[in-house]
Every structure is written in structure tokens, then in C-alpha cells.
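Engineer: mmCIF, C-alpha atoms, file entry22.cif:
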data_run
loop_
_atom_site.label_atom_id
_atom_site.label_comp_id
_atom_site.auth_asym_id
_atom_site.auth_seq_id
_atom_site.Cartn_x
_atom_site.Cartn_y
_atom_site.Cartn_z
CA MET A 1 -28.49 12.66 20.55
CA THR A 2 -30.34 9.59 19.30
CA VAL A 3 -28.69 7.95 16.29
CA ARG A 4 -31.11 6.16 14.01
CA LEU A 5 -30.67 3.56 11.28
CA PRO A 6 -29.98 5.61 8.11
CA PRO A 7 -31.26 4.75 4.63
CA ILE A 8 -29.32 1.79 3.23
CA THR A 9 -28.32 3.38 -0.06
CA VAL A 10 -26.18 0.83 -1.91
CA GLU A 11 -25.50 -0.45 -5.43
CA ARG A 12 -26.92 -3.96 -5.11
CA TRP A 13 -28.50 -6.45 -2.73
CA VAL A 14 -27.89 -10.21 -2.44
CA ASN A 15 -30.16 -12.68 -0.61
CA SER A 16 -32.88 -10.03 -0.30
CA PRO A 17 -34.75 -7.29 -2.10
CA PRO A 18 -33.63 -3.80 -1.08
CA LEU A 19 -34.42 -3.05 2.55
CA THR A 20 -35.26 0.31 4.08
CA PRO A 21 -35.43 1.44 7.72
CA ASP A 22 -39.24 1.23 7.39
CA ASP A 23 -38.98 -2.39 6.21
CA LEU A 24 -36.86 -3.20 9.26
CA HIS A 25 -38.95 -1.25 11.77
CA GLY A 26 -40.18 -3.50 14.54
CA ARG A 27 -37.17 -5.80 14.32
CA VAL A 28 -33.84 -5.69 16.13
CA VAL A 29 -31.19 -4.97 13.47
CA LEU A 30 -27.53 -5.98 13.53
CA VAL A 31 -25.54 -4.27 10.76
CA ASP A 32 -22.27 -6.05 10.03
CA ILE A 33 -19.78 -3.95 8.03
CA TRP A 34 -17.49 -6.45 6.30
CA GLU A 35 -14.88 -6.98 3.62
CA TYR A 36 -14.35 -10.42 2.24
CA THR A 37 -10.53 -10.41 2.31
CA CYS A 38 -10.31 -8.91 5.83
CA VAL A 39 -8.95 -11.55 8.21
CA ASN A 40 -10.52 -9.81 11.19
CA TRP A 41 -13.96 -10.06 9.59
CA ILE A 42 -13.33 -13.67 8.57
CA ARG A 43 -12.71 -14.49 12.23
CA THR A 44 -15.94 -12.77 13.31
CA ALA A 45 -18.15 -14.29 10.60
CA PRO A 46 -19.01 -17.52 12.50
CA TYR A 47 -20.53 -15.48 15.31
CA VAL A 48 -22.61 -13.28 13.00
CA LYS A 49 -23.89 -16.38 11.21
CA ALA A 50 -24.75 -17.97 14.56
CA TRP A 51 -26.79 -14.96 15.65
CA HIS A 52 -28.72 -15.01 12.38
CA ARG A 53 -29.32 -18.74 12.82
CA ASP A 54 -30.47 -18.49 16.45
CA TYR A 55 -32.39 -15.20 16.57
CA ALA A 56 -33.80 -14.45 13.11
CA ASP A 57 -37.08 -16.18 13.99
CA LEU A 58 -37.23 -14.20 17.24
CA GLY A 59 -37.08 -10.76 15.65
CA LEU A 60 -33.42 -10.16 14.71
CA SER A 61 -32.45 -9.02 11.22
CA VAL A 62 -28.78 -9.28 10.33
CA VAL A 63 -27.77 -7.03 7.43
CA GLY A 64 -24.27 -7.51 6.06
CA VAL A 65 -22.85 -4.42 4.36
CA HIS A 66 -19.83 -5.11 2.16
CA ALA A 67 -17.51 -2.14 1.56
CA PRO A 68 -14.45 -3.02 -0.58
CA GLU A 69 -10.93 -2.25 0.62
CA PHE A 70 -9.40 -2.97 -2.79
CA ALA A 71 -10.56 -2.26 -6.34
CA PHE A 72 -11.19 -5.93 -7.15
CA GLY A 73 -13.69 -6.03 -4.29
CA ARG A 74 -16.15 -4.05 -6.41
CA HIS A 75 -16.52 -6.88 -8.94
CA ALA A 76 -19.79 -8.74 -8.57
CA ALA A 77 -18.29 -12.14 -9.36
CA HIS A 78 -15.79 -11.86 -6.49
CA ILE A 79 -18.41 -10.78 -3.96
CA ASP A 80 -20.98 -13.34 -5.04
CA ARG A 81 -18.41 -16.11 -4.70
CA ALA A 82 -17.33 -14.85 -1.28
CA ILE A 83 -20.95 -14.85 -0.11
CA ARG A 84 -21.28 -18.47 -1.23
CA ASP A 85 -17.90 -19.54 0.15
CA HIS A 86 -18.67 -18.09 3.58
CA GLY A 87 -22.22 -19.42 3.61
CA LEU A 88 -23.86 -16.05 4.18
CA THR A 89 -27.64 -16.43 3.90
CA TYR A 90 -28.79 -13.17 5.47
CA PRO A 91 -29.34 -9.97 3.41
CA ILE A 92 -26.15 -8.49 1.96
CA ALA A 93 -25.93 -4.87 0.79
CA LEU A 94 -23.04 -3.99 -1.54
CA ASP A 95 -21.80 -0.52 -0.62
CA ASN A 96 -19.20 -0.02 -3.35
CA ARG A 97 -19.30 3.78 -3.07
CA PHE A 98 -19.21 3.79 0.76
CA THR A 99 -22.49 5.72 0.89
CA PHE A 100 -23.96 3.79 3.82
CA TRP A 101 -20.50 3.58 5.43
CA ARG A 102 -20.37 7.39 5.51
CA ALA A 103 -23.97 7.65 6.73
CA LEU A 104 -22.94 5.58 9.75
CA ARG A 105 -19.69 7.55 10.11
CA ASN A 106 -17.92 4.23 10.09
CA ASP A 107 -14.13 4.04 9.96
CA ALA A 108 -13.07 0.40 10.17
CA TRP A 109 -13.56 -3.23 9.17
CA PRO A 110 -15.23 -5.15 10.66
CA ALA A 111 -17.76 -3.10 12.59
CA LYS A 112 -21.13 -4.06 14.08
CA TYR A 113 -23.99 -1.67 14.76
CA LEU A 114 -26.96 -2.86 16.83
CA PHE A 115 -30.29 -1.05 16.52
CA ASP A 116 -33.41 -1.63 18.60
CA ALA A 117 -36.86 -2.34 17.16
CA ASP A 118 -37.51 1.40 16.87
CA GLY A 119 -34.39 1.91 14.75
CA ARG A 120 -32.28 3.54 17.48
CA LEU A 121 -28.59 2.75 17.75
CA VAL A 122 -27.88 0.84 20.94
CA ASP A 123 -24.19 -0.01 20.61
CA ARG A 124 -21.23 -0.36 18.23
CA TRP A 125 -18.32 -2.78 18.21
CA VAL A 126 -15.17 -2.61 16.07
CA GLY A 127 -12.82 -5.49 15.34
CA GLU A 128 -12.76 -8.91 16.90
CA GLY A 129 -13.99 -10.04 20.31
CA ASP A 130 -16.76 -8.85 22.64
CA TYR A 131 -19.00 -11.57 21.20
CA GLU A 132 -20.60 -12.31 24.56
CA ARG A 133 -21.53 -8.62 24.94
CA VAL A 134 -23.02 -8.49 21.44
CA GLU A 135 -25.13 -11.57 22.01
CA SER A 136 -26.21 -10.37 25.45
CA GLU A 137 -27.50 -7.13 23.92
CA ILE A 138 -29.24 -9.00 21.08
CA ARG A 139 -31.02 -11.18 23.65
CA ARG A 140 -32.03 -8.16 25.72
CA LEU A 141 -33.42 -6.27 22.73
CA VAL A 142 -35.29 -9.31 21.43
CA GLU A 143 -36.97 -9.62 24.82
CA VAL A 144 -37.77 -5.91 24.97
CA ARG A 145 -39.31 -6.17 21.52
CA ALA A 146 -41.55 -9.07 22.57
CA PRO A 147 -41.68 -9.58 26.34
CA GLY A 148 -41.92 -13.21 27.31
CA THR A 149 -39.99 -14.45 24.26
CA ALA A 150 -38.50 -17.87 24.97
CA LEU A 151 -34.81 -17.35 24.30
CA PRO A 152 -32.55 -20.20 23.20
CA PRO A 153 -29.34 -21.00 25.07
CA VAL A 154 -26.42 -18.71 24.33
CA SER A 155 -24.94 -19.81 21.01
CA PRO A 156 -22.32 -22.57 21.24
CA GLU A 157 -19.92 -20.36 19.26
CA VAL A 158 -20.02 -17.64 21.92
CA THR A 159 -19.95 -20.16 24.76
CA ALA A 160 -16.76 -21.63 23.31
CA PHE A 161 -15.25 -18.16 22.91
CA VAL A 162 -15.96 -17.30 26.55
CA THR A 163 -14.33 -20.56 27.61
CA THR A 164 -11.14 -20.10 25.58
CA GLY A 165 -10.89 -16.30 25.60
CA GLN A 166 -9.49 -13.88 23.04
CA PRO A 167 -5.99 -14.87 21.88
CA THR A 168 -3.29 -12.30 22.40
CA TYR A 169 -1.72 -10.47 19.48
CA VAL A 170 1.06 -8.99 21.58
CA GLY A 171 4.46 -9.40 19.96
CA ILE A 172 3.31 -10.57 16.54
CA THR A 173 4.13 -8.79 13.28
CA PRO A 174 1.59 -6.06 12.43
CA GLU A 175 -0.45 -5.92 9.23
CA THR A 176 2.01 -5.36 6.36
CA TYR A 177 0.80 -3.57 3.21
CA LEU A 178 2.79 -3.98 0.01
CA GLY A 179 1.46 -1.29 -2.35
CA ALA A 180 3.13 2.10 -2.64
CA ASP A 181 0.32 3.93 -0.84
CA ARG A 182 0.74 2.14 2.49
CA ALA A 183 3.93 0.06 2.42
CA VAL A 184 6.47 0.64 5.19
CA PRO A 185 10.02 0.42 3.77
CA GLY A 186 11.97 -2.58 5.01
CA THR A 187 9.03 -4.71 6.10
CA SER A 188 9.29 -6.95 3.01
CA THR A 189 11.46 -7.24 -0.09
CA VAL A 190 11.02 -8.44 -3.67
CA ALA A 191 13.41 -10.04 -6.17
CA GLY A 192 12.68 -10.11 -9.87
CA ASP A 193 10.69 -7.84 -12.15
CA TRP A 194 7.96 -6.27 -9.97
CA ARG A 195 6.19 -2.95 -10.27
CA SER A 196 4.66 -1.11 -7.35
CA GLU A 197 1.19 0.44 -7.59
CA GLY A 198 -0.90 2.16 -4.95
CA GLU A 199 -2.65 -0.96 -3.67
CA TYR A 200 -0.27 -3.77 -4.66
CA VAL A 201 2.98 -5.05 -6.10
CA GLU A 202 2.69 -6.91 -9.41
CA LEU A 203 5.03 -9.37 -11.09
CA THR A 204 5.54 -8.15 -14.66
CA GLY A 205 7.62 -11.02 -16.05
CA GLY A 206 9.89 -13.93 -15.32
CA SER A 207 10.14 -15.49 -11.89
CA GLY A 208 9.77 -13.37 -8.80
CA GLU A 209 10.21 -13.69 -5.05
CA LEU A 210 8.43 -11.91 -2.22
CA VAL A 211 10.30 -12.18 1.08
CA LEU A 212 8.86 -11.40 4.50
CA PRO A 213 10.49 -11.67 7.93
CA PHE A 214 7.79 -12.23 10.56
CA THR A 215 6.99 -13.34 14.08
CA ALA A 216 3.56 -14.97 14.29
CA GLY A 217 1.79 -18.29 14.34
CA GLU A 218 -0.36 -17.49 11.30
CA VAL A 219 0.36 -15.64 8.04
CA ASN A 220 -2.20 -14.71 5.38
CA LEU A 221 -1.88 -12.78 2.13
CA VAL A 222 -4.44 -10.95 0.01
CA VAL A 223 -3.72 -11.78 -3.64
CA ASP A 224 -5.07 -11.48 -7.16
CA PRO A 225 -3.85 -14.23 -9.55
CA GLY A 226 -3.84 -11.87 -12.51
CA PRO A 227 -5.45 -11.83 -15.96
CA THR A 228 -5.45 -15.62 -16.46
CA GLY A 229 -7.35 -16.17 -13.21
CA GLN A 230 -4.81 -18.81 -12.14
CA ALA A 231 -1.51 -18.63 -10.28
CA ALA A 232 0.71 -20.92 -8.22
CA ILE A 233 3.03 -19.83 -5.41
CA GLN A 234 5.78 -21.94 -3.92
CA VAL A 235 5.86 -21.34 -0.15
CA LEU A 236 9.18 -21.55 1.68
CA LEU A 237 9.54 -21.17 5.44
CA ASP A 238 13.05 -20.39 6.69
CA GLY A 239 14.46 -21.43 3.32
CA ASN A 240 12.73 -24.81 3.02
CA PRO A 241 9.43 -25.88 1.44
CA ILE A 242 6.84 -25.38 4.15
CA GLY A 243 5.80 -28.55 5.92
CA GLU A 244 3.65 -29.03 8.99
CA GLU A 245 3.23 -25.26 9.42
CA ARG A 246 1.49 -24.89 6.06
CA GLY A 247 -1.80 -23.03 6.09
CA PRO A 248 -5.07 -24.49 4.80
CA ASP A 249 -4.58 -22.95 1.34
CA VAL A 250 -1.16 -24.56 0.78
CA ASP A 251 -1.03 -28.07 -0.66
CA PRO A 252 1.25 -30.82 0.71
CA ASP A 253 3.74 -30.02 -2.07
CA ALA A 254 4.20 -26.55 -0.48
CA VAL A 255 2.37 -24.79 -3.34
CA ALA A 256 -0.61 -22.46 -2.98
CA ARG A 257 -2.83 -22.56 -6.07
CA ILE A 258 -4.96 -19.47 -6.56
CA ASP A 259 -8.05 -19.12 -8.74
CA ARG A 260 -9.56 -15.89 -7.46
CA ALA A 261 -8.78 -12.58 -5.78
CA ALA A 262 -8.95 -13.48 -2.10
CA MET A 263 -7.12 -13.86 1.18
CA ILE A 264 -5.07 -17.05 1.25
CA ARG A 265 -3.81 -18.77 4.42
CA LEU A 266 -0.11 -19.55 4.02
CA VAL A 267 1.20 -20.36 7.50
CA ALA A 268 -0.60 -21.88 10.49
CA ASP A 269 0.60 -23.01 13.92
CA ALA A 270 4.16 -21.81 13.47
CA SER A 271 6.29 -21.27 16.54
CA ARG A 272 6.27 -17.71 17.87
CA VAL A 273 9.88 -16.98 16.94
CA ASP A 274 11.48 -15.05 14.09
CA HIS A 275 10.83 -16.66 10.70
CA LEU A 276 11.46 -15.86 7.05
CA LEU A 277 8.68 -16.48 4.54
CA THR A 278 9.63 -16.65 0.85
CA LEU A 279 6.99 -16.81 -1.90
CA VAL A 280 8.04 -17.71 -5.44
CA THR A 281 5.86 -17.38 -8.54
CA ASP A 282 6.32 -17.07 -12.30
CA ARG A 283 2.82 -15.85 -13.17
CA PRO A 284 2.97 -12.41 -14.84
CA GLY A 285 0.22 -10.18 -13.52
CA PHE A 286 0.19 -11.79 -10.06
CA ARG A 287 -0.57 -9.12 -7.46
CA ALA A 288 0.07 -9.11 -3.70
CA TYR A 289 -1.70 -6.60 -1.49
CA VAL A 290 -1.26 -7.12 2.26
CA PHE A 291 0.05 -9.68 4.74
CA THR A 292 -1.97 -10.26 7.90
CA PHE A 293 -1.02 -12.28 10.94
CA GLY A 294 -2.42 -14.22 13.84
CA PRO A 295 -1.14 -15.74 17.05
#
Can you turn what I pasted into C-alpha cells?
Structural biologist:
Amino acid sequence: MTVRLPPITVERWVNSPPLTPDDLHGRVVLVDIWEYTCVNWIRTAPYVKAWHRDYADLGLSVVGVHAPEFAFGRHAAHIDRAIRDHGLTYPIALDNRFTFWRALRNDAWPAKYLFDADGRLVDRWVGEGDYERVESEIRRLVEVRAPGTALPPVSPEVTAFVTTGQPTYVGITPETYLGADRAVPGTSTVAGDWRSEGEYVELTGGSGELVLPFTAGEVNLVVDPGPTGQAAIQVLLDGNPIGEERGPDVDPDAVARIDRAAMIRLVADASRVDHLLTLVTDRPGFRAYVFTFGP
């Protein structure tokens, strides 16, 4: 059965007026289902941006569809800032009610759907990787759309990926949710006055610690600083203020300063052995949602 591009029924558009399948007819369409705190999408974003850069003038339309994993992801200010921070210039559809998500029968972040110039689904990719396959199909469909099109070289982003290959995630700690709905007992612990809600744990007063044993080179955390919009977290690795292994969002004084609900990068280039991460904060209302990891 032929699957066609469904109506893009969403709450709001950024970078574009509302687009319909008729508006997009005649163009190759790459739909990128994303979520701004999802580390897997963050890693794929450079490739999506490269395809928009290299093929938009040749008949490709990239449409980013943001579907929020957490309640704060429905707030316009958060999404608009994320679009700016990530430098997304292609049309963005905000699917807060998951209407378009359900129309595609989607079930994961990130996911890419590639449609030909007649609006027929050609392929679907979930998660990271396969960038060379995605670009190869984009190039093929652009040429089918307009035979004789002079194609540019394969994007340098994909060329570099093919050269280095997909890093292995074997043996690293899996995604670790903290809220009551999805937390696995024993994967992390808290000390201090915390309350557990469905999506997150929240510090309600005093000083609190969040402790995580892990094996990975990279550790990230989705956070919300709370009602003041500002929070600071002291980052300890194996009992000491983090040093050379600090992630890009941790200052040289081993403190991560947060001014928005986002994913923050706490640890980078750590050795692939067992570690203990301790986060200390005294900001009431601070919320922690999920740890994610990388090699």
C-alpha cells in the first residue's frame, strides 16, 4: 500500500507559513521528527541542517516536526530558543498534541521520513546513523524529480561520518529516567528533600544530591532550573570536583549554571570504566528528568 504525506495538522509553525501536502507537491520532502532535549536528535541535527543547506535549491524541502517528550517542551519560549540555539532555518511544525505524529504512526525520536515529489513515502529511519543512506536517497529523488540536475558533492558531514563510522554504544549505561513513571529502582539515588513526580524528581528545599553510578564517556541530563529560571549544580566525578572530563556545559569551577529547561552536557571524554557522578544543588524547584549517555 502506498503511504502518502498526511496533512501537517499542528499548533504552530516557525520559519514558514503553514504548509500542506499540496504546497509541498513537486518537491522531495524530508520530515524530521525531533525533540529539543533528545540527545539522539541533537547528534543527528548537523546532518539534517547539511541536507537543507545543500539540496533546498535543488528541490528538497526539510520539515522539522517537534513533538515534546516533557510538559515544558510545549512552551513556545523553550522551543523558539531551541530553534535559535540549534540554528534551524527550515520550516518547523510544532506538534504539541502529537496529531501529525499519529498520522505518520510514528513511535520514536528522532525519526526521518522521506517522501518523493509525488508525496509518496520512500523510506523511514529511526535513531542515529544511516546518514549516507539518507543522503543517497535524497540525491536519487532530486534527480528523479528533475533529470539532469547537477548534484553537489556528498556533504562533508556525511563524508566525515562514513570515514569515522558510527561509535559503539555497547557496554555503556542505558538511558536512565528519574521520574516515577519510568524510573528503574536502584539506577540512581537522591539525598535531601526531593519529591518524585511522573516525569521528574524535584528538590523541594535545602541542599540536595543526585547520585548516579555509570559507565560511559559522556553523560547528559535533562533539567528544568525551576521557577526562578536559574540554577547552579556542583558536578563531582568519583567524589572530586570534575576536571578535564567536564562536559561543555560545566564551567572550570566544576559548576553547571542553568538558565532554561534543556539537556545539559555534564561529562565528556571520561574513561570507559565505572564512575560515580554526584550533582549538588540548593535551588528549590530544580527538576531532573533523564540521564543520557554516549561512548
Engineer: Between A:Asp32, A:Trp109, A:Glu128, A:Gly26, which has the minimum distance to Pro167 of chain A (counting only C-alpha atoms)?
Structural biologist: A:Glu128
Engineer: Name the residues in contact with Leu88 of chain A at a cut-off of 10 Å, using all atoms listed in the file, excluding same-chain residues fewer than 6 positions from it; report them as a ChimeraX atom specification.
Structural biologist: /A:14-15,45-46,48-49,52,64,82
Engineer: Considering all atoms listed in the file, state which residue in the set A:Ala216, A:Val154, A:Leu19, A:Val134 is at the smallest distance from Val63 of chain A.
Structural biologist: A:Leu19
Engineer: Could you state which residues are captured by the PyMOL selection byres ((chain A and resi 231) around 8) in this file, as a PyMOL selection string?
Structural biologist: chain A and resi 225-226+228-230+232-233+257-259+281+283+286
Engineer: Can you work out the spacing between atom CA of Thr189 of chain A and atom CA of Leu266 of chain A in Å, to one decimal?
Structural biologist: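 Value for the atom CA of Thr189 of chain A-atom CA of Leu266 of chain A distance: 17.4 Å.
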Engineer: Quick check, in Å to one decimal: how far apart do atom CA of Ala108 of chain A and atom CA of Gly165 of chain A lie?
Structural biologist: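 If I compute the distance from atom CA of Ala108 of chain A to atom CA of Gly165 of chain A, I get 22.8 Å.
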Engineer: Please identify all polymer residues within 10 Å of segment 155-162 of chain A, counting all atoms listed in the file, omitting same-chain residues fewer than 3 positions from it, and present them as a list in words.
Structural biologist: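 Contacts, in chain order: Pro46, Tyr47, Val48, Lys49, Ala50, Trp51, Arg53, Asp54, Tyr55, Gly129, Asp130, Tyr131, Glu132, Arg133, Val134, Glu135, Pro152, Gly165, Gln166 and Pro167 of chain A.
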Engineer: Can you measure atom CA of Val126 of chain A to atom CA of Asp269 of chain A for me? One decimal in Å is fine.
Structural biologist: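 Separating atom CA of Val126 of chain A from atom CA of Asp269 of chain A is a distance of 25.9 Å.
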Engineer: Taking all atoms of segment 241-249 of chain A that the file lists, what box with edges along x, y and z, padded by 8 Å per side, do you get, with centre and edge lengths in Å to one decimal, as JSON?
Structural biologist:
{"center_x": 2.2, "center_y": -26.0, "center_z": 5.4, "size_x": 30.5, "size_y": 22.1, "size_z": 24.1}
Engineer: So, counting all atoms listed in the file, which residue among A:Thr204, A:Thr163, A:Ser271, A:Thr292 is closest to Val219 of chain A?
Structural biologist: A:Thr292
Engineer: Near Ala270 of chain A, counting all atoms listed in the file, which residues have an atom at most 9 Å away, once you skip same-chain residues fewer than 5 positions from it, shown as a ChimeraX atom specification?
Structural biologist: /A:215-218,244-246,275,295
Engineer: Given the file above and the PyMOL selection byres ((chain A and resi 176) around 12), which residues are selected, and can you give them as a ChimeraX atom specification?
Structural biologist: /A:172-175,177-189,199-200,211-214,219-222,288-293
Engineer: For a cutoff of 9 Å around the file-coordinate point (-30.8, -5.8, 15.2), which residues qualify once you count all atoms listed in the file? I'd like the result as an mmCIF file with C-alpha atoms, in the frame of the given file.
Structural biologist:
data_model
loop_
_atom_site.group_PDB
_atom_site.id
_atom_site.type_symbol
_atom_site.label_atom_id
_atom_site.label_comp_id
_atom_site.auth_asym_id
_atom_site.auth_seq_id
_atom_site.Cartn_x
_atom_site.Cartn_y
_atom_site.Cartn_z
ATOM 1 C CA LEU A 24 -36.860 -3.200 9.260
ATOM 2 C CA ARG A 27 -37.170 -5.800 14.320
ATOM 3 C CA VAL A 28 -33.840 -5.690 16.130
ATOM 4 C CA VAL A 29 -31.190 -4.970 13.470
ATOM 5 C CA LEU A 30 -27.530 -5.980 13.530
ATOM 6 C CA VAL A 31 -25.540 -4.270 10.760
ATOM 7 C CA GLY A 59 -37.080 -10.760 15.650
ATOM 8 C CA LEU A 60 -33.420 -10.160 14.710
ATOM 9 C CA SER A 61 -32.450 -9.020 11.220
ATOM 10 C CA VAL A 62 -28.780 -9.280 10.330
ATOM 11 C CA VAL A 63 -27.770 -7.030 7.430
ATOM 12 C CA TYR A 113 -23.990 -1.670 14.760
ATOM 13 C CA LEU A 114 -26.960 -2.860 16.830
ATOM 14 C CA PHE A 115 -30.290 -1.050 16.520
ATOM 15 C CA ASP A 116 -33.410 -1.630 18.600
ATOM 16 C CA ALA A 117 -36.860 -2.340 17.160
ATOM 17 C CA GLY A 119 -34.390 1.910 14.750
ATOM 18 C CA ILE A 138 -29.240 -9.000 21.080
ATOM 19 C CA LEU A 141 -33.420 -6.270 22.730
ATOM 20 C CA VAL A 142 -35.290 -9.310 21.430
#
Engineer: Counting only C-alpha atoms, figure out which residue out of A:Glu202, A:Asp85, A:Glu11, A:Glu35 gets nearest to Glu69 of chain A.
Structural biologist: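 Of A:Glu202, A:Asp85, A:Glu11, A:Glu35, the one nearest Glu69 of chain A, counting only C-alpha atoms, is A:Glu35.
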Engineer: Which residues, named as in the file, does the PyMOL selection byres ((chain A and resi 37-40) around 7) pick out? Answer as a PyMOL selection string.
Structural biologist: chain A and resi 35-36+41-44+110+127-128+222+262-263
Engineer: List as JSON, numbers by chain the protein and nucleic acid residues near Pro68 of chain A, meaning an atom at most 7 Å away when only C-alpha atoms are counted, but skip any in the same chain fewer than 4 places from it.
Structural biologist: {"A": [35, 73, 74, 96]}
Engineer: So, counting only C-alpha atoms, which residue among A:Val235, A:Ile242, A:Leu5, A:Leu277 is closest to Phe100 of chain A?
Structural biologist: A:Leu5
Engineer: Ranking A:Ala93, A:Ala111, A:Leu210, A:Leu237 by minimum distance to Ile8 of chain A and counting all atoms listed in the file, which one comes first?
Structural biologist: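 Among the listed residues, the smallest separation from Ile8 of chain A belongs to A:Ala93.
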